[in-house]
file my_file33.csv (CSV, C-alpha atoms and all ligand atoms)
chain,number,residue,atom,x,y,z
A,1,MET,CA,90.4,60.9,-35.2
A,2,LEU,CA,93.5,60.6,-32.9
A,3,LEU,CA,95.8,63.6,-32.7
A,4,PRO,CA,99.6,63.0,-32.8
A,5,SER,CA,100.8,62.7,-29.2
A,6,SER,CA,103.7,65.3,-29.6
A,7,THR,CA,101.3,68.2,-30.2
A,8,GLN,CA,98.8,67.4,-27.4
A,9,SER,CA,98.1,69.7,-24.6
A,10,GLY,CA,97.0,68.4,-21.1
A,11,GLY,CA,93.3,69.1,-22.0
A,12,GLU,CA,93.7,67.4,-25.3
A,13,LYS,CA,95.2,64.3,-23.6
A,14,ARG,CA,92.2,64.1,-21.3
A,15,LEU,CA,89.9,64.4,-24.3
A,16,ILE,CA,91.8,61.7,-26.2
A,17,GLY,CA,91.4,59.5,-23.1
A,18,VAL,CA,87.6,60.1,-23.3
A,19,PHE,CA,87.8,59.2,-27.0
A,20,LEU,CA,89.7,56.0,-26.4
A,21,ALA,CA,87.3,55.0,-23.6
A,22,CYS,CA,84.4,55.5,-26.1
A,23,PHE,CA,86.3,53.5,-28.7
A,24,LEU,CA,86.8,50.6,-26.2
A,25,LEU,CA,83.2,50.8,-25.1
A,26,ALA,CA,82.1,50.6,-28.7
A,27,ASN,CA,84.2,47.5,-29.2
A,28,VAL,CA,83.1,45.9,-26.0
A,29,THR,CA,79.5,46.5,-27.1
A,30,SER,CA,80.2,44.8,-30.3
A,31,ALA,CA,81.9,41.8,-28.7
A,32,SER,CA,79.2,41.3,-26.1
A,33,GLY,CA,76.5,41.3,-28.8
A,34,ASN,CA,77.4,37.7,-29.5
A,35,THR,CA,76.4,36.5,-26.0
A,36,ASP,CA,72.8,35.9,-27.2
A,37,ASP,CA,74.0,33.3,-29.6
A,38,HIS,CA,72.8,29.8,-29.1
A,39,VAL,CA,75.0,28.0,-26.6
A,40,TRP,CA,73.2,24.6,-26.4
A,41,GLY,CA,75.8,21.9,-26.1
A,42,GLU,CA,78.7,23.8,-24.5
A,43,SER,CA,78.5,22.1,-21.2
A,44,ILE,CA,77.3,18.6,-22.3
A,45,ASP,CA,79.5,15.6,-22.3
A,46,PHE,CA,78.2,14.1,-25.5
A,47,CYS,CA,80.6,11.2,-25.6
A,48,GLN,CA,79.4,10.1,-22.2
A,49,LYS,CA,75.8,10.4,-23.4
A,50,THR,CA,76.5,8.3,-26.5
A,51,THR,CA,77.4,5.3,-24.2
A,52,GLU,CA,73.8,5.4,-22.8
A,53,LEU,CA,72.1,5.0,-26.2
A,54,GLN,CA,69.6,2.1,-26.5
A,55,PHE,CA,68.0,2.6,-29.9
A,56,ASN,CA,68.1,-0.8,-31.7
A,57,GLY,CA,68.2,-0.6,-35.5
A,58,THR,CA,67.6,-4.3,-35.9
A,59,LEU,CA,64.3,-4.2,-34.1
A,60,ALA,CA,63.3,-1.1,-36.1
A,61,ASN,CA,64.1,-2.9,-39.3
A,62,GLN,CA,62.0,-5.9,-38.3
A,63,SER,CA,59.1,-3.5,-37.9
A,64,VAL,CA,59.6,-2.2,-41.4
A,65,THR,CA,59.4,-5.7,-42.8
A,66,TRP,CA,56.3,-6.5,-40.7
A,67,GLN,CA,54.6,-3.3,-41.8
A,68,THR,CA,55.2,-3.9,-45.5
A,69,GLU,CA,53.9,-7.5,-45.1
A,70,LEU,CA,50.6,-5.9,-44.1
A,71,GLY,CA,50.4,-4.5,-47.6
A,72,PRO,CA,49.7,-0.9,-48.5
A,73,ARG,CA,48.4,1.1,-45.5
A,74,LEU,CA,45.9,3.3,-47.3
A,75,PRO,CA,43.6,5.3,-45.1
A,76,GLY,CA,40.5,3.3,-44.3
A,77,SER,CA,42.1,0.0,-45.3
A,78,ASN,CA,42.2,-3.2,-43.2
A,79,ALA,CA,46.1,-3.0,-43.2
A,80,SER,CA,45.8,0.5,-41.8
A,81,LEU,CA,43.5,-0.7,-39.0
A,82,LEU,CA,45.8,-3.6,-38.2
A,83,LEU,CA,48.8,-1.3,-37.9
A,84,ARG,CA,46.9,1.2,-35.8
A,85,THR,CA,45.7,-1.6,-33.5
A,86,SER,CA,49.2,-2.9,-33.1
A,87,LEU,CA,50.6,0.5,-32.4
A,88,SER,CA,48.0,1.1,-29.7
A,89,GLU,CA,48.5,-2.3,-28.0
A,90,ASN,CA,52.2,-2.1,-28.1
A,91,LEU,CA,52.6,1.4,-26.8
A,92,THR,CA,49.8,1.0,-24.1
A,93,SER,CA,51.7,-2.0,-22.7
A,94,LEU,CA,54.8,0.2,-22.4
A,95,GLY,CA,53.0,2.9,-20.3
A,96,TRP,CA,51.9,5.3,-23.1
A,97,ASN,CA,48.4,6.8,-23.3
A,98,VAL,CA,47.2,6.2,-26.8
A,99,GLU,CA,44.3,7.9,-28.5
A,100,PHE,CA,42.8,7.8,-32.0
A,101,SER,CA,41.7,11.0,-33.7
A,102,SER,CA,39.5,10.7,-36.8
A,103,HIS,CA,38.8,13.4,-39.3
A,104,ILE,CA,37.4,13.8,-42.8
A,105,SER,CA,39.6,15.8,-45.1
A,106,HIS,CA,39.3,16.1,-48.9
A,107,GLU,CA,36.8,13.3,-48.7
A,108,ILE,CA,39.3,11.0,-47.1
A,109,GLU,CA,38.4,9.5,-43.7
A,110,LEU,CA,41.7,9.5,-41.8
A,111,THR,CA,42.7,8.5,-38.3
A,112,ASN,CA,45.8,9.9,-36.5
A,113,VAL,CA,47.3,7.8,-33.7
A,114,ILE,CA,48.5,9.9,-30.8
A,115,ALA,CA,50.6,8.4,-28.0
A,116,THR,CA,51.6,10.5,-25.0
A,117,TRP,CA,54.1,9.8,-22.3
A,118,LYS,CA,54.4,12.0,-19.2
A,119,PRO,CA,57.1,12.0,-16.5
A,120,GLN,CA,56.1,10.1,-13.4
A,121,ASN,CA,54.9,11.8,-10.2
A,122,ILE,CA,53.8,15.2,-11.5
A,123,SER,CA,50.6,16.9,-10.6
A,124,GLN,CA,47.7,17.7,-13.0
A,125,ASN,CA,48.6,21.4,-12.7
A,126,GLU,CA,52.2,20.8,-13.7
A,127,THR,CA,50.9,18.6,-16.6
A,128,ASN,CA,49.0,21.5,-18.1
A,129,ASN,CA,52.1,23.6,-18.4
A,130,LEU,CA,54.7,20.9,-19.1
A,131,GLY,CA,56.9,21.4,-22.1
A,132,ARG,CA,56.5,18.6,-24.7
A,133,ILE,CA,58.3,17.3,-27.7
A,134,VAL,CA,56.3,15.9,-30.6
A,135,LEU,CA,58.0,13.1,-32.6
A,136,SER,CA,56.1,12.4,-35.8
A,137,ALA,CA,55.9,10.0,-38.8
A,138,HIS,CA,53.2,9.2,-41.3
A,139,TYR,CA,51.8,5.6,-41.1
A,140,ASP,CA,49.9,5.6,-44.4
A,141,SER,CA,51.6,4.5,-47.6
A,142,ARG,CA,51.1,6.2,-51.0
A,143,ASN,CA,48.1,5.0,-53.0
A,144,ILE,CA,49.8,5.4,-56.4
A,145,ALA,CA,53.3,4.6,-57.7
A,146,ASP,CA,53.1,7.6,-60.0
A,147,ARG,CA,56.9,7.8,-60.4
A,148,ASP,CA,57.4,4.2,-61.4
A,149,SER,CA,59.4,3.6,-64.6
A,150,ASN,CA,56.8,1.0,-65.6
A,151,GLU,CA,53.9,3.0,-66.8
A,152,SER,CA,51.4,0.2,-66.2
A,153,LEU,CA,52.3,0.2,-62.5
A,154,ARG,CA,51.7,3.9,-61.9
A,155,ASN,CA,48.2,3.4,-60.4
A,156,THR,CA,49.4,0.6,-58.1
A,157,PRO,CA,49.7,1.4,-54.4
A,158,ILE,CA,53.3,1.3,-53.1
A,159,LEU,CA,54.6,-0.8,-50.1
A,160,GLY,CA,56.2,2.3,-48.6
A,161,ALA,CA,59.1,0.6,-46.7
A,162,ASN,CA,61.0,3.8,-46.6
A,163,ASP,CA,58.2,6.3,-47.3
A,164,GLY,CA,56.0,5.5,-44.3
A,165,ALA,CA,57.2,2.4,-42.5
A,166,SER,CA,60.8,3.6,-41.7
A,167,GLY,CA,59.6,6.6,-39.7
A,168,VAL,CA,56.9,4.5,-37.9
A,169,ALA,CA,59.5,1.9,-37.1
A,170,ALA,CA,61.8,4.5,-35.5
A,171,LEU,CA,58.9,5.9,-33.5
A,172,ILE,CA,57.9,2.5,-32.2
A,173,GLU,CA,61.5,1.9,-31.1
A,174,LEU,CA,61.7,5.3,-29.5
A,175,GLY,CA,58.4,4.5,-27.8
A,176,ARG,CA,60.1,1.4,-26.3
A,177,ILE,CA,63.1,3.2,-24.8
A,178,ILE,CA,61.7,6.6,-23.8
A,179,PRO,CA,59.9,5.4,-20.6
A,180,SER,CA,63.3,4.4,-19.2
A,181,MET,CA,65.1,7.6,-20.1
A,182,ASN,CA,64.1,9.8,-17.1
A,183,LEU,CA,63.1,12.7,-19.3
A,184,ASP,CA,61.5,15.7,-17.5
A,185,ASN,CA,59.3,16.8,-20.4
A,186,GLU,CA,56.3,15.2,-22.1
A,187,VAL,CA,56.8,13.3,-25.3
A,188,MET,CA,54.1,12.8,-27.9
A,189,LEU,CA,54.3,10.3,-30.7
A,190,LEU,CA,52.1,11.5,-33.6
A,191,PHE,CA,51.5,8.7,-36.2
A,192,SER,CA,49.8,10.8,-38.9
A,193,ASP,CA,47.5,9.4,-41.5
A,194,ALA,CA,46.9,10.5,-45.1
A,195,GLU,CA,50.3,12.2,-45.7
A,196,ASP,CA,50.7,10.8,-49.1
A,197,GLN,CA,47.5,10.2,-51.0
A,198,GLY,CA,47.5,11.2,-54.7
A,199,ASP,CA,47.5,15.0,-54.8
A,200,ASN,CA,46.5,15.2,-51.2
A,201,TYR,CA,49.5,15.6,-48.9
A,202,THR,CA,49.9,16.0,-45.1
A,203,LEU,CA,46.1,15.9,-44.4
A,204,GLY,CA,46.5,14.1,-41.0
A,205,ALA,CA,49.2,16.4,-39.7
A,206,LYS,CA,47.2,19.4,-40.8
A,207,ALA,CA,44.1,18.1,-39.0
A,208,TRP,CA,46.2,17.6,-35.9
A,209,ALA,CA,47.7,21.1,-36.1
A,210,ASP,CA,44.3,22.7,-36.8
A,211,ASN,CA,42.9,21.2,-33.6
A,212,LEU,CA,45.6,22.4,-31.2
A,213,THR,CA,44.7,24.8,-28.4
A,214,GLY,CA,46.8,27.9,-27.7
A,215,ASN,CA,48.2,26.2,-24.6
A,216,GLU,CA,49.1,23.1,-26.5
A,217,ILE,CA,50.9,25.2,-29.1
A,218,ASN,CA,52.7,27.2,-26.5
A,219,ARG,CA,54.0,24.2,-24.6
A,220,THR,CA,55.1,22.3,-27.7
A,221,GLU,CA,58.9,22.9,-27.6
A,222,SER,CA,59.6,21.2,-30.9
A,223,PHE,CA,58.1,19.0,-33.7
A,224,ILE,CA,60.6,16.5,-35.0
A,225,LEU,CA,59.4,14.7,-38.2
A,226,LEU,CA,61.0,11.4,-39.3
A,227,ASP,CA,60.2,10.5,-42.9
A,228,MET,CA,62.2,8.4,-45.4
A,229,ILE,CA,65.0,7.7,-42.9
A,230,GLY,CA,65.7,4.0,-43.8
A,231,ASP,CA,67.5,4.2,-47.1
A,232,SER,CA,70.5,1.9,-47.0
A,233,ASP,CA,72.4,4.7,-48.7
A,234,LEU,CA,71.5,7.4,-46.2
A,235,HIS,CA,72.2,11.1,-46.6
A,236,LEU,CA,70.7,13.7,-44.4
A,237,THR,CA,70.6,17.3,-45.8
A,238,LYS,CA,69.3,20.5,-44.4
A,239,ILE,CA,65.6,20.8,-45.1
A,240,THR,CA,63.6,24.0,-45.6
A,241,PRO,CA,61.4,24.9,-44.0
A,242,SER,CA,62.9,23.8,-40.7
A,243,THR,CA,63.9,25.8,-37.7
A,244,PRO,CA,67.7,26.6,-38.2
A,245,ILE,CA,68.7,25.8,-34.7
A,246,LEU,CA,67.1,22.4,-34.8
A,247,THR,CA,68.9,21.7,-38.1
A,248,GLN,CA,72.2,22.8,-36.5
A,249,ASN,CA,71.6,20.6,-33.5
A,250,MET,CA,70.8,17.6,-35.7
A,251,ILE,CA,74.1,18.2,-37.6
A,252,LEU,CA,76.1,18.4,-34.3
A,253,LEU,CA,74.5,15.2,-32.9
A,254,GLY,CA,75.3,13.4,-36.2
A,255,GLN,CA,78.9,14.5,-35.9
A,256,LYS,CA,79.1,13.2,-32.3
A,257,LEU,CA,77.8,9.9,-33.6
A,258,GLY,CA,80.4,9.6,-36.3
A,259,LEU,CA,78.0,10.3,-39.1
A,260,SER,CA,79.9,13.2,-40.7
A,261,ASN,CA,82.9,13.1,-42.8
A,262,GLN,CA,84.1,16.5,-41.6
A,263,VAL,CA,84.9,15.6,-38.0
A,264,ASP,CA,85.6,12.5,-35.9
A,265,GLY,CA,82.7,11.2,-33.8
A,266,CYS,CA,83.0,10.0,-30.2
A,267,ASN,CA,83.8,6.6,-31.6
A,268,GLY,CA,86.7,8.1,-33.6
A,269,GLN,CA,84.9,7.4,-36.8
A,270,ARG,CA,83.5,9.4,-39.8
A,271,SER,CA,80.9,8.6,-42.4
A,272,ASP,CA,79.1,10.6,-45.0
A,273,VAL,CA,75.5,10.5,-43.7
A,274,ILE,CA,75.3,14.1,-42.7
A,275,TRP,CA,75.4,16.4,-45.8
A,276,SER,CA,75.4,19.8,-44.1
A,277,ASN,CA,76.3,21.7,-47.3
A,278,GLN,CA,73.1,20.7,-49.1
A,279,SER,CA,69.7,22.3,-48.4
A,280,LEU,CA,66.5,21.0,-50.0
A,281,PRO,CA,63.0,22.3,-49.9
A,282,VAL,CA,60.1,19.9,-49.1
A,283,PHE,CA,56.4,20.3,-48.1
A,284,ASP,CA,56.0,17.6,-45.4
A,285,ASP,CA,54.0,17.0,-42.3
A,286,HIS,CA,56.1,19.4,-40.2
A,287,VAL,CA,55.0,22.5,-42.1
A,288,HIS,CA,51.7,22.8,-40.2
A,289,ALA,CA,53.5,22.9,-36.8
A,290,PHE,CA,56.1,25.3,-38.4
A,291,TYR,CA,53.3,27.6,-39.6
A,292,LEU,CA,52.0,27.8,-36.0
A,293,GLY,CA,55.4,29.0,-34.8
A,294,ILE,CA,56.4,25.6,-33.2
A,295,PRO,CA,60.2,25.0,-33.8
A,296,SER,CA,60.2,22.2,-36.4
A,297,LEU,CA,62.6,19.9,-38.0
A,298,ASP,CA,62.1,17.4,-40.9
A,299,ILE,CA,64.7,14.6,-40.9
A,300,ILE,CA,64.4,13.1,-44.3
A,301,ASP,CA,66.6,11.6,-47.1
A,302,LEU,CA,65.1,12.8,-50.4
A,303,ALA,CA,67.6,10.9,-52.5
A,304,TYR,CA,66.3,7.3,-52.2
A,305,GLY,CA,68.7,4.7,-53.4
A,306,GLU,CA,72.4,4.5,-54.2
A,307,ASN,CA,73.6,7.6,-56.2
A,308,ALA,CA,70.0,8.7,-56.6
A,309,GLU,CA,69.3,12.4,-57.2
A,310,PRO,CA,66.9,14.2,-54.7
A,311,TYR,CA,63.2,13.4,-55.5
A,312,GLU,CA,64.3,10.5,-57.7
A,313,GLY,CA,65.4,6.9,-57.1
A,314,TYR,CA,62.8,4.5,-55.6
A,315,TRP,CA,60.7,7.4,-54.2
A,316,HIS,CA,57.0,6.9,-55.1
A,317,THR,CA,57.7,3.7,-57.1
A,318,THR,CA,56.8,0.0,-56.5
A,319,GLN,CA,60.5,-0.4,-55.7
A,320,ASP,CA,60.1,1.2,-52.3
A,321,THR,CA,60.5,-2.2,-50.6
A,322,ALA,CA,62.0,-3.5,-47.3
A,323,ASP,CA,65.2,-4.7,-49.0
A,324,LYS,CA,66.1,-1.1,-49.8
A,325,VAL,CA,66.0,-0.2,-46.1
A,326,SER,CA,68.8,-1.0,-43.6
A,327,ALA,CA,68.9,-1.5,-39.8
A,328,GLU,CA,72.1,0.7,-39.8
A,329,SER,CA,70.3,3.7,-41.3
A,330,LEU,CA,67.4,3.4,-39.0
A,331,GLU,CA,69.7,3.2,-36.1
A,332,SER,CA,71.7,6.3,-37.2
A,333,VAL,CA,68.6,8.4,-37.3
A,334,GLY,CA,67.0,6.8,-34.2
A,335,ARG,CA,70.2,7.6,-32.2
A,336,ILE,CA,70.3,11.2,-33.4
A,337,VAL,CA,66.8,11.6,-32.0
A,338,GLU,CA,67.6,9.7,-28.8
A,339,LEU,CA,70.8,11.6,-28.2
A,340,GLY,CA,68.9,14.8,-28.8
A,341,LEU,CA,66.4,13.8,-26.1
A,342,LEU,CA,69.2,13.0,-23.7
A,343,THR,CA,71.0,16.3,-24.3
A,344,GLY,CA,68.1,18.8,-24.6
A,345,ALA,CA,68.7,19.4,-28.3
A,346,TRP,CA,65.0,19.4,-28.9
A,347,THR,CA,64.0,21.7,-26.0
A,348,SER,CA,64.9,25.2,-24.8
A,349,ILE,CA,65.5,26.5,-28.3
A,350,ASP,CA,63.2,29.6,-28.1
A,351,THR,CA,65.8,32.1,-29.2
A,352,PRO,CA,64.8,35.6,-30.3
A,353,LEU,CA,64.9,34.4,-33.9
A,354,GLU,CA,62.3,31.8,-33.2
A,355,GLN,CA,60.2,34.2,-31.2
A,356,LEU,CA,60.2,36.6,-34.1
A,357,GLN,CA,59.0,33.7,-36.4
A,358,LYS,CA,56.2,32.9,-34.0
A,359,SER,CA,54.9,36.5,-34.1
A,360,THR,CA,55.1,36.8,-37.9
A,361,GLN,CA,53.6,33.3,-38.6
A,362,SER,CA,50.7,33.6,-36.3
A,363,ASN,CA,49.5,36.4,-38.5
A,364,ASN,CA,49.9,34.3,-41.6
A,365,LEU,CA,48.3,30.9,-40.8
A,366,ASP,CA,46.3,30.3,-43.9
A,367,GLY,CA,49.4,30.7,-46.2
A,368,GLU,CA,49.9,27.4,-48.0
A,369,GLN,CA,53.3,28.0,-49.6
A,370,PRO,CA,56.3,27.1,-47.5
A,371,LEU,CA,57.9,30.0,-45.7
A,372,ILE,CA,61.4,31.1,-46.6
A,373,ILE,CA,63.3,31.2,-43.3
A,374,GLU,CA,66.5,33.0,-42.6
A,375,ASP,CA,69.7,30.9,-42.7
A,376,GLU,CA,71.8,31.2,-39.5
A,377,SER,CA,74.6,32.8,-41.5
A,378,GLU,CA,72.2,35.5,-42.6
A,379,LYS,CA,71.1,35.9,-39.0
A,380,GLY,CA,74.8,36.3,-38.0
A,381,MET,CA,75.3,38.8,-40.7
A,382,ASP,CA,72.3,40.9,-39.7
A,383,SER,CA,73.5,41.1,-36.1
A,384,SER,CA,77.0,42.0,-37.3
A,385,ILE,CA,75.6,44.9,-39.4
A,386,THR,CA,73.6,46.1,-36.4
A,387,LEU,CA,76.6,46.1,-34.1
A,388,ALA,CA,78.8,47.8,-36.7
A,389,ILE,CA,76.2,50.6,-37.0
A,390,LEU,CA,76.0,50.8,-33.2
A,391,SER,CA,79.8,51.0,-32.9
A,392,THR,CA,80.1,53.6,-35.6
A,393,SER,CA,77.4,55.7,-34.0
A,394,VAL,CA,79.2,55.7,-30.6
A,395,LEU,CA,82.5,56.7,-32.3
A,396,VAL,CA,80.8,59.5,-34.3
A,397,LEU,CA,79.2,60.8,-31.1
A,398,CYS,CA,82.5,60.8,-29.3
A,399,THR,CA,84.2,62.6,-32.2
A,400,ILE,CA,81.6,65.4,-32.1
A,401,CYS,CA,82.0,65.6,-28.3
A,402,LEU,CA,85.8,65.8,-28.8
A,403,ILE,CA,85.5,68.6,-31.3
A,404,ILE,CA,83.1,70.6,-29.1
A,405,LEU,CA,85.2,70.1,-25.9
A,406,ARG,CA,88.4,70.9,-27.7
A,407,ARG,CA,87.0,74.3,-28.8
A,408,PHE,CA,85.9,74.8,-25.2
A,409,VAL,CA,89.5,74.0,-23.9
A,410,GLU,CA,91.1,76.4,-26.4
B,1,ZN,ZN,55.8,10.0,-50.2
call {"tool": "encode", "arguments": {"input": "my_file33.csv", "output": "structure tokens"}}
result
Amino acid sequence: MLLPSSTQSGGEKRLIGVFLACFLLANVTSASGNTDDHVWGESIDFCQKTTELQFNGTLANQSVTWQTELGPRLPGSNASLLLRTSLSENLTSLGWNVEFSSHISHEIELTNVIATWKPQNISQNETNNLGRIVLSAHYDSRNIADRDSNESLRNTPILGANDGASGVAALIELGRIIPSMNLDNEVMLLFSDAEDQGDNYTLGAKAWADNLTGNEINRTESFILLDMIGDSDLHLTKITPSTPILTQNMILLGQKLGLSNQVDGCNGQRSDVIWSNQSLPVFDDHVHAFYLGIPSLDIIDLAYGENAEPYEGYWHTTQDTADKVSAESLESVGRIVELGLLTGAWTSIDTPLEQLQKSTQSNNLDGEQPLIIEDESEKGMDSSITLAILSTSVLVLCTICLIILRRFVE
């Protein structure tokens, strides 16, 4: 408490000076507590970077049509083999190293396709410690249209134009442009199998995650999943579980690209692709990386079709066909990922919050239910409370000192 200045002795004035200094110190402590906040993007010229983007939605859309013309890509089918072979030949010719990884899970024989691109001119030693970004999509299509309005079609396999082919198409297009992007980290394209077979979900991605070494986990800076990204009526919400900073970065990148209706993009335009006020839960391929403590993001539109509600519309029906997918939507998402690669949005995101998640999740690896993660606003609230307690403690301490010293002066 401050004493009125007219009744202060010289000793009291000195003590009040000490008190004021403590008060200022407490507030400086409080203000400087925010310096740990995520500062990615502050010094990046996004609008310059948007002029460098190469992702071509028309090419991606052609791939969606081609994939659906193969027929359903069920694990073990000829269509699946044809797609896998094409992915391998195409990416190998562009300088990617491509491997197949086969597993049996829940009596399904599945094959993941793993393409790796490394920066040029680095030694083997550097390679072993190089940070990497994993971009992933499932290349199988669902074996049953169990949500179809026509009951007689519910055992029919779907074509999966959006649910399967759209993410693969975006990855193929990213595979085309990444070798010319001069990135200084490794990029892996993971085409997972058996994501969507009856009651069996995410089997390929789980097999991939289960076989990672500690070094591979540690050097994986992020896992970015693209699933159902081609809907002509595209809306991207927040998805849980995902690492909050990656979600924030996705929203910021979308704003720069003119995909938000809240702020002008670099092109001076707005649109309502980014729905940052909606958050939806989904169990998808990214959860296995997320459980391992790898920062993970699922980019997915769960409301498939115009005015569809989440988890409804053409999702898991025979209506999931190429005419429902647009080049524009594929390009929007492809460019979010590309701009993120150019600006470091998918790397260097290991904040204290993520480190905390790593340590808690590594003790909880066999949990199958999605984790509930802290929202950034809650994180901000927690640190505010901590700082308020710290500031109050300093003030209380100073007040006690003041009382003791005042008695001493008297
Ligand atoms: Zn699906």
call {"tool": "residues_near_ligand", "arguments": {"input": "my_file33.csv", "ligand": "ligand ZN 1 (chain B)", "cutoff": "8 Å", "atoms": "all atoms listed in the file", "output": "PyMOL selection string"}}
result
chain A and resi 141-142+160+163-164+195-196+315-316
call {"tool": "closest_residue", "arguments": {"input": "my_file33.csv", "among": "A:Ser192, A:Thr68, A:Thr237, A:Ser43", "to": "A:Trp208", "atoms": "all atoms listed in the file"}}
result
A:Ser192
call {"tool": "atom_distance", "arguments": {"input": "my_file33.csv", "atom1": "atom CA of A:Arg219", "atom2": "atom CA of A:Gly131"}}
result
4.7 Å
call {"tool": "residues_around", "arguments": {"input": "my_file33.csv", "residues": "A:Val168", "least_positions_apart": "2", "cutoff": "8 Å", "atoms": "only C-alpha atoms", "output": "count of residues only"}}
result
10
call {"tool": "residues_around", "arguments": {"input": "my_file33.csv", "residues": "A:Gly204", "least_positions_apart": "6", "cutoff": "8 Å", "atoms": "only C-alpha atoms", "output": "list in words"}}
result
His103, Leu110, Thr111, Asn112, Ser192, Asp193, Ala194 and Glu195 of chain A
call {"tool": "residues_around", "arguments": {"input": "my_file33.csv", "residues": "stretch 57-60 of chain A", "least_positions_apart": "5", "cutoff": "6 Å", "atoms": "all atoms listed in the file", "output": "JSON, numbers by chain"}}
result
{"A": [169, 170, 327, 328, 330, 331]}
call {"tool": "closest_atom_pairs", "arguments": {"input": "my_file33.csv", "of": "stretch 125-186 of chain A", "to": "stretch 113-120 of chain A", "cutoff": "10 Å", "atoms": "all atoms listed in the file", "output": "Markdown table"}}
result
| residue | atom | partner | partner_atom | distance |
| --- | --- | --- | --- | --- |
| A:Thr127 | CA | A:Lys118 | CA | 7.9 |
| A:Leu130 | CA | A:Lys118 | CA | 8.9 |
| A:Arg132 | CA | A:Lys118 | CA | 8.8 |
| A:Ile133 | CA | A:Thr116 | CA | 9.9 |
| A:Val134 | CA | A:Thr116 | CA | 9.1 |
| A:Leu135 | CA | A:Ala115 | CA | 9.9 |
| A:Ser136 | CA | A:Ile114 | CA | 9.4 |
| A:His138 | CA | A:Val113 | CA | 9.7 |
| A:Tyr139 | CA | A:Val113 | CA | 8.9 |
| A:Gly175 | CA | A:Ala115 | CA | 8.7 |
| A:Ile178 | CA | A:Trp117 | CA | 8.4 |
| A:Pro179 | CA | A:Trp117 | CA | 7.5 |
| A:Met181 | CA | A:Pro119 | CA | 9.8 |
| A:Asn182 | CA | A:Pro119 | CA | 7.4 |
| A:Leu183 | CA | A:Pro119 | CA | 6.7 |
| A:Asp184 | CA | A:Pro119 | CA | 5.8 |
| A:Asn185 | CA | A:Pro119 | CA | 6.6 |
| A:Glu186 | CA | A:Lys118 | CA | 4.7 |
call {"tool": "residues_around", "arguments": {"input": "my_file33.csv", "residues": "stretch 231-236 of chain A", "least_positions_apart": "4", "cutoff": "9 Å", "atoms": "all atoms listed in the file", "output": "ChimeraX atom specification"}}
result
/A:162,166,251,272-276,278,299-307,323-330
call {"tool": "write_last_selection", "arguments": {"input": "my_file33.csv", "atoms": "C-alpha atoms", "output": "CSV table (one decimal), in the coordinates of the input"}}
result
chain,number,residue,atom,x,y,z
A,162,ASN,CA,61.0,3.8,-46.6
A,166,SER,CA,60.8,3.6,-41.7
A,251,ILE,CA,74.1,18.2,-37.6
A,272,ASP,CA,79.1,10.6,-45.0
A,273,VAL,CA,75.5,10.5,-43.7
A,274,ILE,CA,75.3,14.1,-42.7
A,275,TRP,CA,75.4,16.4,-45.8
A,276,SER,CA,75.4,19.8,-44.1
A,278,GLN,CA,73.1,20.7,-49.1
A,299,ILE,CA,64.7,14.6,-40.9
A,300,ILE,CA,64.4,13.1,-44.3
A,301,ASP,CA,66.6,11.6,-47.1
A,302,LEU,CA,65.1,12.8,-50.4
A,303,ALA,CA,67.6,10.9,-52.5
A,304,TYR,CA,66.3,7.3,-52.2
A,305,GLY,CA,68.7,4.7,-53.4
A,306,GLU,CA,72.4,4.5,-54.2
A,307,ASN,CA,73.6,7.6,-56.2
A,323,ASP,CA,65.2,-4.7,-49.0
A,324,LYS,CA,66.1,-1.1,-49.8
A,325,VAL,CA,66.0,-0.2,-46.1
A,326,SER,CA,68.8,-1.0,-43.6
A,327,ALA,CA,68.9,-1.5,-39.8
A,328,GLU,CA,72.1,0.7,-39.8
A,329,SER,CA,70.3,3.7,-41.3
A,330,LEU,CA,67.4,3.4,-39.0
call {"tool": "closest_residue", "arguments": {"input": "my_file33.csv", "among": "A:Thr202, A:Thr347, A:Ser93, A:Asn155", "to": "A:Asp227", "atoms": "all atoms listed in the file"}}
result
A:Thr202
call {"tool": "residues_near_point", "arguments": {"input": "my_file33.csv", "point": "(75.1, 10.9, -24.9)", "cutoff": "9 Å", "atoms": "all atoms listed in the file", "output": "mmCIF file with C-alpha atoms, in the coordinates of the input"}}
result
data_model
loop_
_atom_site.group_PDB
_atom_site.id
_atom_site.type_symbol
_atom_site.label_atom_id
_atom_site.label_comp_id
_atom_site.auth_asym_id
_atom_site.auth_seq_id
_atom_site.Cartn_x
_atom_site.Cartn_y
_atom_site.Cartn_z
ATOM 1 C CA ILE A 44 77.300 18.600 -22.300
ATOM 2 C CA ASP A 45 79.500 15.600 -22.300
ATOM 3 C CA PHE A 46 78.200 14.100 -25.500
ATOM 4 C CA CYS A 47 80.600 11.200 -25.600
ATOM 5 C CA GLN A 48 79.400 10.100 -22.200
ATOM 6 C CA LYS A 49 75.800 10.400 -23.400
ATOM 7 C CA THR A 50 76.500 8.300 -26.500
ATOM 8 C CA THR A 51 77.400 5.300 -24.200
ATOM 9 C CA GLU A 52 73.800 5.400 -22.800
ATOM 10 C CA LEU A 53 72.100 5.000 -26.200
ATOM 11 C CA LYS A 256 79.100 13.200 -32.300
ATOM 12 C CA GLU A 338 67.600 9.700 -28.800
ATOM 13 C CA LEU A 339 70.800 11.600 -28.200
ATOM 14 C CA GLY A 340 68.900 14.800 -28.800
ATOM 15 C CA LEU A 342 69.200 13.000 -23.700
ATOM 16 C CA THR A 343 71.000 16.300 -24.300
#
call {"tool": "closest_residue", "arguments": {"input": "my_file33.csv", "among": "A:Glu99, A:Glu173, A:Asp148, A:Glu89", "to": "A:Glu312", "atoms": "all atoms listed in the file"}}
result
A:Asp148
